[in-house]
>>> print(open('structure.tsv').read())   # TSV, C-alpha atoms
chain	number	residue	atom	x	y	z
A	184	MET	CA	90.93	94.75	65.75
A	185	PRO	CA	90.55	98.49	66.38
A	186	ASP	CA	93.08	100.39	68.42
A	187	ARG	CA	92.82	99.52	72.11
A	188	ILE	CA	91.48	102.69	73.54
A	189	GLY	CA	91.81	103.94	76.94
A	190	SER	CA	95.15	105.65	77.71
A	191	ASP	CA	97.94	103.12	77.83
A	192	ARG	CA	96.62	100.77	75.14
A	193	LEU	CA	94.86	103.44	73.19
A	194	SER	CA	98.07	105.25	72.56
A	195	SER	CA	99.48	101.91	71.25
A	196	SER	CA	95.86	102.51	69.44
A	197	ALA	CA	87.53	101.53	64.69
A	198	GLU	CA	85.03	102.05	63.37
A	199	THR	CA	82.93	100.27	63.63
A	200	GLY	CA	59.78	95.99	85.41
A	201	SER	CA	61.37	99.68	85.07
A	202	ASN	CA	63.36	100.57	82.04
A	203	SER	CA	64.64	102.74	78.33
A	204	ASP	CA	65.43	102.37	74.58
A	205	HIS	CA	67.93	102.30	71.82
A	206	SER	CA	66.64	105.66	70.76
A	207	GLU	CA	64.68	107.64	73.21
A	208	MET	CA	65.57	106.26	76.58
A	209	SER	CA	64.80	108.09	79.75
A	210	HIS	CA	67.90	109.18	81.65
A	211	GLN	CA	67.42	108.76	85.38
A	212	PRO	CA	70.77	109.00	87.18
A	213	GLN	CA	70.52	107.85	90.77
A	214	THR	CA	72.64	107.91	93.88
A	215	PRO	CA	76.15	106.73	92.94
A	216	ALA	CA	76.10	102.95	92.71
A	217	THR	CA	78.91	100.45	92.56
A	218	LEU	CA	78.68	96.87	91.37
A	219	PHE	CA	81.35	95.01	93.27
A	220	PRO	CA	82.53	91.62	91.95
A	221	ASP	CA	81.73	89.83	95.21
A	222	GLU	CA	78.49	91.62	96.00
A	223	ALA	CA	75.79	89.19	94.86
A	224	SER	CA	73.17	91.30	96.60
A	225	ALA	CA	73.84	94.05	94.04
A	226	LEU	CA	72.27	91.93	91.30
A	227	PRO	CA	68.96	93.39	90.08
A	228	ASP	CA	65.88	91.19	89.82
A	229	LEU	CA	66.65	89.10	86.74
A	230	GLN	CA	62.92	88.53	86.17
A	231	ARG	CA	62.09	92.24	85.84
A	232	LEU	CA	61.08	93.69	82.50
A	233	GLY	CA	64.16	93.59	80.29
A	234	GLY	CA	66.21	91.41	82.66
A	235	LEU	CA	68.12	88.27	81.75
A	236	ASP	CA	65.55	85.76	82.99
A	237	TRP	CA	62.68	87.80	81.55
A	238	ALA	CA	64.37	87.79	78.14
A	239	ARG	CA	64.98	84.05	78.32
A	240	ARG	CA	61.39	83.37	79.34
A	241	THR	CA	59.71	85.63	76.77
A	242	GLY	CA	62.23	85.75	73.95
A	243	GLY	CA	61.89	89.51	74.27
A	244	ARG	CA	58.19	89.63	73.39
A	245	LEU	CA	56.29	92.35	75.23
A	246	SER	CA	52.95	91.88	76.93
A	247	SER	CA	50.31	94.57	76.51
A	248	ARG	CA	51.06	95.84	80.00
A	249	ALA	CA	54.80	95.95	79.37
A	250	ARG	CA	54.25	97.75	76.06
A	251	ALA	CA	52.18	100.44	77.77
A	252	ARG	CA	54.84	100.87	80.42
A	253	LEU	CA	57.58	101.28	77.85
A	254	LEU	CA	55.53	103.71	75.78
A	255	ALA	CA	55.37	106.01	78.80
A	256	ALA	CA	59.14	105.74	79.28
A	257	ILE	CA	59.75	106.46	75.59
A	258	ALA	CA	57.57	109.56	75.74
A	259	LEU	CA	59.55	110.80	78.74
A	260	GLY	CA	62.79	110.08	76.92
A	261	GLN	CA	61.65	112.08	73.91
A	262	TRP	CA	60.83	115.03	76.16
A	263	GLU	CA	64.21	114.83	77.88
A	264	ASN	CA	65.90	114.64	74.50
A	265	ALA	CA	64.17	117.87	73.44
A	266	LEU	CA	65.26	119.62	76.63
A	267	GLY	CA	68.78	118.27	76.24
A	268	ARG	CA	69.07	119.55	72.70
A	269	ALA	CA	68.25	123.01	74.04
A	270	LYS	CA	71.08	122.66	76.55
A	271	LEU	CA	73.38	121.56	73.73
A	272	ALA	CA	72.44	124.58	71.63
A	273	LEU	CA	73.11	126.88	74.58
A	274	GLY	CA	76.39	125.16	75.41
A	275	ARG	CA	75.35	124.31	78.95
A	276	LEU	CA	77.48	121.56	80.45
A	277	PRO	CA	77.01	119.87	83.83
A	278	GLU	CA	79.56	120.61	86.51
A	279	GLY	CA	82.64	118.44	86.11
A	280	ALA	CA	82.11	117.52	82.46
A	281	THR	CA	85.20	119.39	81.27
A	282	ALA	CA	87.30	117.75	83.98
A	283	VAL	CA	86.68	114.26	82.58
A	284	ASP	CA	89.93	112.92	81.10
A	285	LEU	CA	89.42	110.09	78.61
A	286	ASP	CA	92.98	108.93	79.10
A	287	THR	CA	92.14	107.85	82.64
A	288	PHE	CA	89.77	105.21	81.22
A	289	THR	CA	92.32	102.47	80.82
A	290	VAL	CA	91.66	99.14	79.17
A	291	PRO	CA	91.50	96.34	81.78
A	292	ASP	CA	94.51	94.04	81.65
A	293	SER	CA	92.59	90.80	82.02
A	294	THR	CA	91.81	87.60	80.16
A	295	PHE	CA	88.12	88.54	80.08
A	296	ALA	CA	88.94	91.85	78.37
A	297	GLN	CA	91.03	90.04	75.79
A	298	GLU	CA	88.25	87.52	75.14
A	299	ALA	CA	85.76	90.36	74.73
A	300	GLU	CA	88.06	92.12	72.28
A	301	ARG	CA	88.39	88.99	70.19
A	302	ALA	CA	84.62	88.54	70.14
A	303	CYS	CA	84.06	92.20	69.28
A	304	ALA	CA	86.49	91.89	66.37
A	305	GLU	CA	84.10	89.34	64.82
A	306	LEU	CA	81.54	92.10	64.24
A	307	PRO	CA	81.06	94.44	61.28
A	308	ALA	CA	83.26	97.52	61.52
A	309	ALA	CA	80.26	99.77	62.24
A	310	LEU	CA	79.47	97.79	65.40
A	311	VAL	CA	83.08	97.56	66.49
A	312	GLY	CA	83.40	101.34	66.48
A	313	HIS	CA	80.04	101.74	68.21
A	314	SER	CA	81.11	99.31	70.93
A	315	TYR	CA	84.27	101.23	71.77
A	316	ARG	CA	82.50	104.58	71.59
A	317	THR	CA	79.85	103.22	73.96
A	318	TRP	CA	82.61	102.35	76.42
A	319	LEU	CA	84.11	105.84	76.41
A	320	PHE	CA	80.82	107.71	76.41
A	321	GLY	CA	79.45	105.51	79.19
A	322	ARG	CA	82.53	106.01	81.34
A	323	ALA	CA	82.36	109.78	80.75
A	324	LEU	CA	78.70	109.93	81.82
A	325	ALA	CA	79.37	107.83	84.92
A	326	ALA	CA	82.16	110.23	85.87
A	327	VAL	CA	79.86	113.24	85.45
A	328	ASP	CA	77.08	111.56	87.45
A	329	GLY	CA	79.46	110.50	90.23
A	330	SER	CA	78.58	106.84	89.69
A	331	GLU	CA	81.07	104.01	90.01
A	332	LEU	CA	81.35	101.06	87.65
A	333	ASP	CA	83.07	97.72	87.67
A	334	VAL	CA	85.53	98.82	85.02
A	335	GLU	CA	86.29	95.33	83.72
A	336	LEU	CA	82.65	94.33	83.37
A	337	PHE	CA	81.71	97.65	81.80
A	338	TYR	CA	84.51	97.43	79.25
A	339	CYS	CA	83.57	93.88	78.27
A	340	GLY	CA	79.87	94.72	78.23
A	341	SER	CA	80.45	97.69	75.97
A	342	LEU	CA	82.31	95.53	73.49
A	343	LEU	CA	79.68	92.77	73.54
A	344	HIS	CA	76.34	94.50	74.15
A	345	ASP	CA	75.31	94.51	70.48
A	346	HIS	CA	77.00	91.28	69.43
A	347	GLY	CA	73.70	89.60	68.61
A	348	ILE	CA	72.24	92.37	66.46
A	349	ALA	CA	74.56	91.53	63.59
A	350	GLN	CA	72.56	88.34	62.96
A	351	PRO	CA	68.95	88.69	64.17
A	352	THR	CA	67.11	85.50	65.08
A	353	PRO	CA	63.35	85.27	64.46
A	354	GLY	CA	61.44	85.23	67.75
A	355	ARG	CA	64.51	85.76	69.92
A	356	ASP	CA	65.65	89.17	71.16
A	357	PHE	CA	69.18	89.94	69.98
A	358	THR	CA	70.35	90.78	73.49
A	359	LEU	CA	70.07	87.09	74.35
A	360	ALA	CA	72.67	86.26	71.71
A	361	SER	CA	74.83	89.09	73.04
A	362	ALA	CA	74.44	87.69	76.57
A	363	ASP	CA	75.28	84.18	75.38
A	364	ARG	CA	78.48	85.38	73.74
A	365	THR	CA	79.36	87.31	76.88
A	366	LEU	CA	78.80	84.28	79.10
A	367	ALA	CA	80.98	82.16	76.79
A	368	CYS	CA	83.80	84.71	77.01
A	369	ALA	CA	83.39	84.90	80.78
A	370	THR	CA	83.56	81.11	81.11
A	371	THR	CA	86.74	80.97	79.04
A	372	ALA	CA	88.26	83.70	81.18
A	373	GLY	CA	87.27	82.07	84.49
A	374	VAL	CA	84.94	84.88	85.56
A	375	SER	CA	82.72	84.02	88.52
A	376	GLU	CA	79.11	83.06	87.80
A	377	ASP	CA	77.70	86.02	89.74
A	378	ARG	CA	79.76	88.55	87.82
A	379	ALA	CA	79.04	86.90	84.49
A	380	ARG	CA	75.28	86.86	85.17
A	381	ALA	CA	75.36	90.48	86.30
A	382	LEU	CA	76.89	91.48	82.99
A	383	ALA	CA	74.58	89.27	80.92
A	384	ASP	CA	71.62	90.86	82.72
A	385	ALA	CA	72.97	94.37	82.06
A	386	ILE	CA	73.28	93.56	78.36
A	387	CYS	CA	69.71	92.26	78.20
A	388	VAL	CA	68.24	95.27	79.97
A	389	HIS	CA	70.21	97.93	78.10
A	390	THR	CA	67.59	98.24	75.34
A	391	THR	CA	64.72	98.77	77.76
A	392	PRO	CA	63.26	102.30	77.92
A	393	GLY	CA	63.24	103.83	81.40
A	394	VAL	CA	66.14	102.09	83.13
A	395	SER	CA	67.36	103.38	86.50
A	396	VAL	CA	70.41	102.56	88.56
A	397	ALA	CA	68.20	101.71	91.53
A	398	SER	CA	66.21	99.04	89.66
A	399	ASP	CA	68.55	97.95	86.88
A	400	GLY	CA	72.07	98.51	88.17
A	401	ALA	CA	74.82	100.82	87.01
A	402	LEU	CA	76.13	98.44	84.35
A	403	GLY	CA	72.89	98.24	82.39
A	404	CYS	CA	72.19	101.94	82.72
A	405	TYR	CA	75.54	103.15	81.49
A	406	LEU	CA	75.62	100.60	78.70
A	407	GLN	CA	72.36	102.12	77.54
A	408	TRP	CA	73.31	105.73	78.12
A	409	GLY	CA	76.73	105.35	76.50
A	410	ALA	CA	75.17	103.61	73.50
A	411	MET	CA	72.47	106.27	73.29
A	412	VAL	CA	75.00	109.09	73.11
A	413	ASP	CA	76.45	107.36	70.07
A	414	GLY	CA	73.18	106.18	68.56
A	415	VAL	CA	70.88	109.19	68.81
A	416	GLY	CA	72.86	111.85	70.68
A	417	LEU	CA	70.90	111.39	73.93
A	418	ARG	CA	72.91	112.92	76.81
A	419	VAL	CA	75.64	114.13	74.45
A	420	TRP	CA	75.03	117.47	76.15
A	421	ASP	CA	76.52	115.96	79.33
A	422	VAL	CA	79.84	115.18	77.63
A	423	ALA	CA	82.39	117.92	77.02
A	424	PRO	CA	82.58	118.75	73.28
A	425	ALA	CA	86.33	118.16	73.29
A	426	ASN	CA	85.75	114.65	74.62
A	427	VAL	CA	83.06	113.97	72.02
A	428	ALA	CA	85.45	115.06	69.30
A	429	GLU	CA	88.23	112.89	70.71
A	430	VAL	CA	86.04	109.80	70.88
A	431	LEU	CA	85.06	110.31	67.24
A	432	ARG	CA	88.68	110.86	66.27
A	433	ARG	CA	89.70	107.59	67.86
A	434	TYR	CA	86.71	105.68	66.51
A	435	PRO	CA	85.32	107.33	63.36
A	436	ARG	CA	81.62	106.77	62.69
A	437	GLY	CA	81.89	106.14	58.97
A	438	ASP	CA	78.40	105.34	57.64
A	439	PHE	CA	77.09	104.44	61.09
A	440	LYS	CA	73.64	106.04	60.97
A	441	ARG	CA	72.55	104.20	57.84
A	442	GLN	CA	73.94	100.89	59.02
A	443	LEU	CA	72.48	101.24	62.51
A	444	VAL	CA	68.99	101.93	61.17
A	445	ALA	CA	69.25	98.90	58.89
A	446	MET	CA	70.27	96.63	61.77
A	447	MET	CA	67.53	97.96	64.02
A	448	ARG	CA	64.89	97.41	61.33
A	449	ALA	CA	66.15	93.85	60.84
A	450	GLU	CA	65.86	93.18	64.57
A	451	ALA	CA	62.35	94.66	64.64
A	452	ALA	CA	61.34	92.39	61.76
A	453	ALA	CA	62.78	89.35	63.59
A	454	VAL	CA	60.97	90.16	66.86
A	455	PRO	CA	58.07	92.45	65.85
A	456	ASN	CA	56.49	92.33	69.32
A	457	GLY	CA	59.78	93.10	71.05
A	458	ARG	CA	61.46	96.25	72.23
A	459	PHE	CA	62.92	97.23	68.88
A	460	GLY	CA	59.61	96.62	67.15
A	461	LEU	CA	58.09	99.13	69.56
A	462	LEU	CA	60.96	101.59	69.25
A	463	ILE	CA	60.85	101.53	65.46
A	464	ARG	CA	57.15	102.37	65.57
A	465	CYS	CA	57.91	105.21	67.99
A	466	GLY	CA	60.33	106.89	65.59
A	467	LEU	CA	63.73	105.43	66.42
A	468	PRO	CA	65.05	105.61	62.83
A	469	LEU	CA	64.28	109.33	62.68
A	470	ALA	CA	65.99	109.86	66.04
A	471	VAL	CA	69.12	108.14	64.71
A	472	ARG	CA	69.14	110.29	61.58
A	473	MET	CA	68.71	113.45	63.66
A	474	ALA	CA	71.60	112.64	66.00
A	475	PRO	CA	74.08	115.55	66.13
A	476	PHE	CA	76.72	113.69	64.12
A	477	GLU	CA	77.43	113.83	60.42
A	478	ALA	CA	77.06	110.10	59.85
>>> encode(input="structure.tsv", output="structure tokens")
Amino acid sequence: MPDRIGSDRLSSSAETGSNSDHSEMSHQPQTPATLFPDEASALPDLQRLGGLDWARRTGGRLSSRARARLLAAIALGQWENALGRAKLALGRLPEGATAVDLDTFTVPDSTFAQEAERACAELPAALVGHSYRTWLFGRALAAVDGSELDVELFYCGSLLHDHGIAQPTPGRDFTLASADRTLACATTAGVSEDRARALADAICVHTTPGVSVASDGALGCYLQWGAMVDGVGLRVWDVAPANVAEVLRRYPRGDFKRQLVAMMRAEAAAVPNGRFGLLIRCGLPLAVRMAPFEA
């Protein structure tokens, strides 16, 4: 298992509806949102495009209408990526980015966190590292945006969001396997049904272009945005360079770009009419290769 990052356990420290993508996803931060464990009303509509019930009903296959909707979100994400790269080149950081201290992002001391870590350790090293980097990058972006997160659910979701992509299943979106593994860990840990479903939904929606906190919840948005920093460099310009360097020091990327593209292509082949099939056709592999990281 990789070093437990966060401050206390890290030092005892891997490689590894409305919505956005695993490559060019539209960043739409909203009014700060908190997902409280006992606030069932905070659950998004699980039937929306990309949601848990939608994924279960469709297997992740997109209708013509959904495909058109996502194409528009992908185009917007590509435009925002171009603008963001200009900010990166100019060294423009949002207010508060340099004040973000990674050591304040402590690993939850809970049975659910431990179950998630064990499940994450089952994955190839490239995905393990990506999972932990997603956690740190997502927390950093939430801090910059002034958004609150259920820290336990976000930690566990970061570690489990890509669990299913390691073994694609024909006709079944990989996020469903990730959600299933998450729900199993939650059941073992005694997590309430509402909280477990909220996290499973966030994992399913995190690959949907165009997510927003208002429609999709903070968990799903920051899972996507944290993963996108690591995957294609989207919103890396909103993270202080020193923090980016520290995340990569703790969790080296290794040969991540090549392995990520291979996994994404395998998922697209398994579900050609799904979100990754669309994203591959829209240039996701190129976006991964052009990410501002060496590997």
>>> residues_around(input="structure.tsv", residues="Gln350 in chain A", least_positions_apart="2", cutoff="10 Å", atoms="all atoms listed in the file", output="list in words")
Leu306, His346, Gly347, Ile348, Thr352, Pro353, Phe357, Ala360, Met446, Ala449, Glu450 and Ala453 of chain A
>>> closest_atom_pairs(input="structure.tsv", of="range 302-377 of chain A", to="range 265-289 of chain A", cutoff="7 Å", atoms="all atoms listed in the file", output="JSON lines")
{"residue": "A:Ala323", "atom": "CA", "partner": "A:Val283", "partner_atom": "CA", "distance": 6.5}
{"residue": "A:Ala326", "atom": "CA", "partner": "A:Val283", "partner_atom": "CA", "distance": 6.9}
{"residue": "A:Val327", "atom": "CA", "partner": "A:Ala280", "partner_atom": "CA", "distance": 5.7}
>>> residues_around(input="structure.tsv", residues="Leu310 in chain A", least_positions_apart="5", cutoff="12 Å", atoms="only C-alpha atoms", output="ChimeraX atom specification")
/A:184-185,197-199,302-305,315-317,341-350,410,413-414,434-440,442-443,446
>>> closest_residue(input="structure.tsv", among="A:Val422, A:Gly403, A:Val374, A:Ala397", to="Thr294 in chain A", atoms="all atoms listed in the file")
A:Val374
>>> residues_around(input="structure.tsv", residues="Arg441 in chain A", least_positions_apart="5", cutoff="10 Å", atoms="only C-alpha atoms", output="list in words")
Ala309, Met446, Pro468, Val471, Arg472 and Ala478 of chain A
>>> closest_residue(input="structure.tsv", among="A:Asp356, A:Asp228, A:Asp292, A:Glu300", to="Met447 in chain A", atoms="all atoms listed in the file")
A:Asp356
>>> atom_distance(input="structure.tsv", atom1="CA of Met473 in chain A", atom2="CA of Trp318 in chain A")
21.9 Å
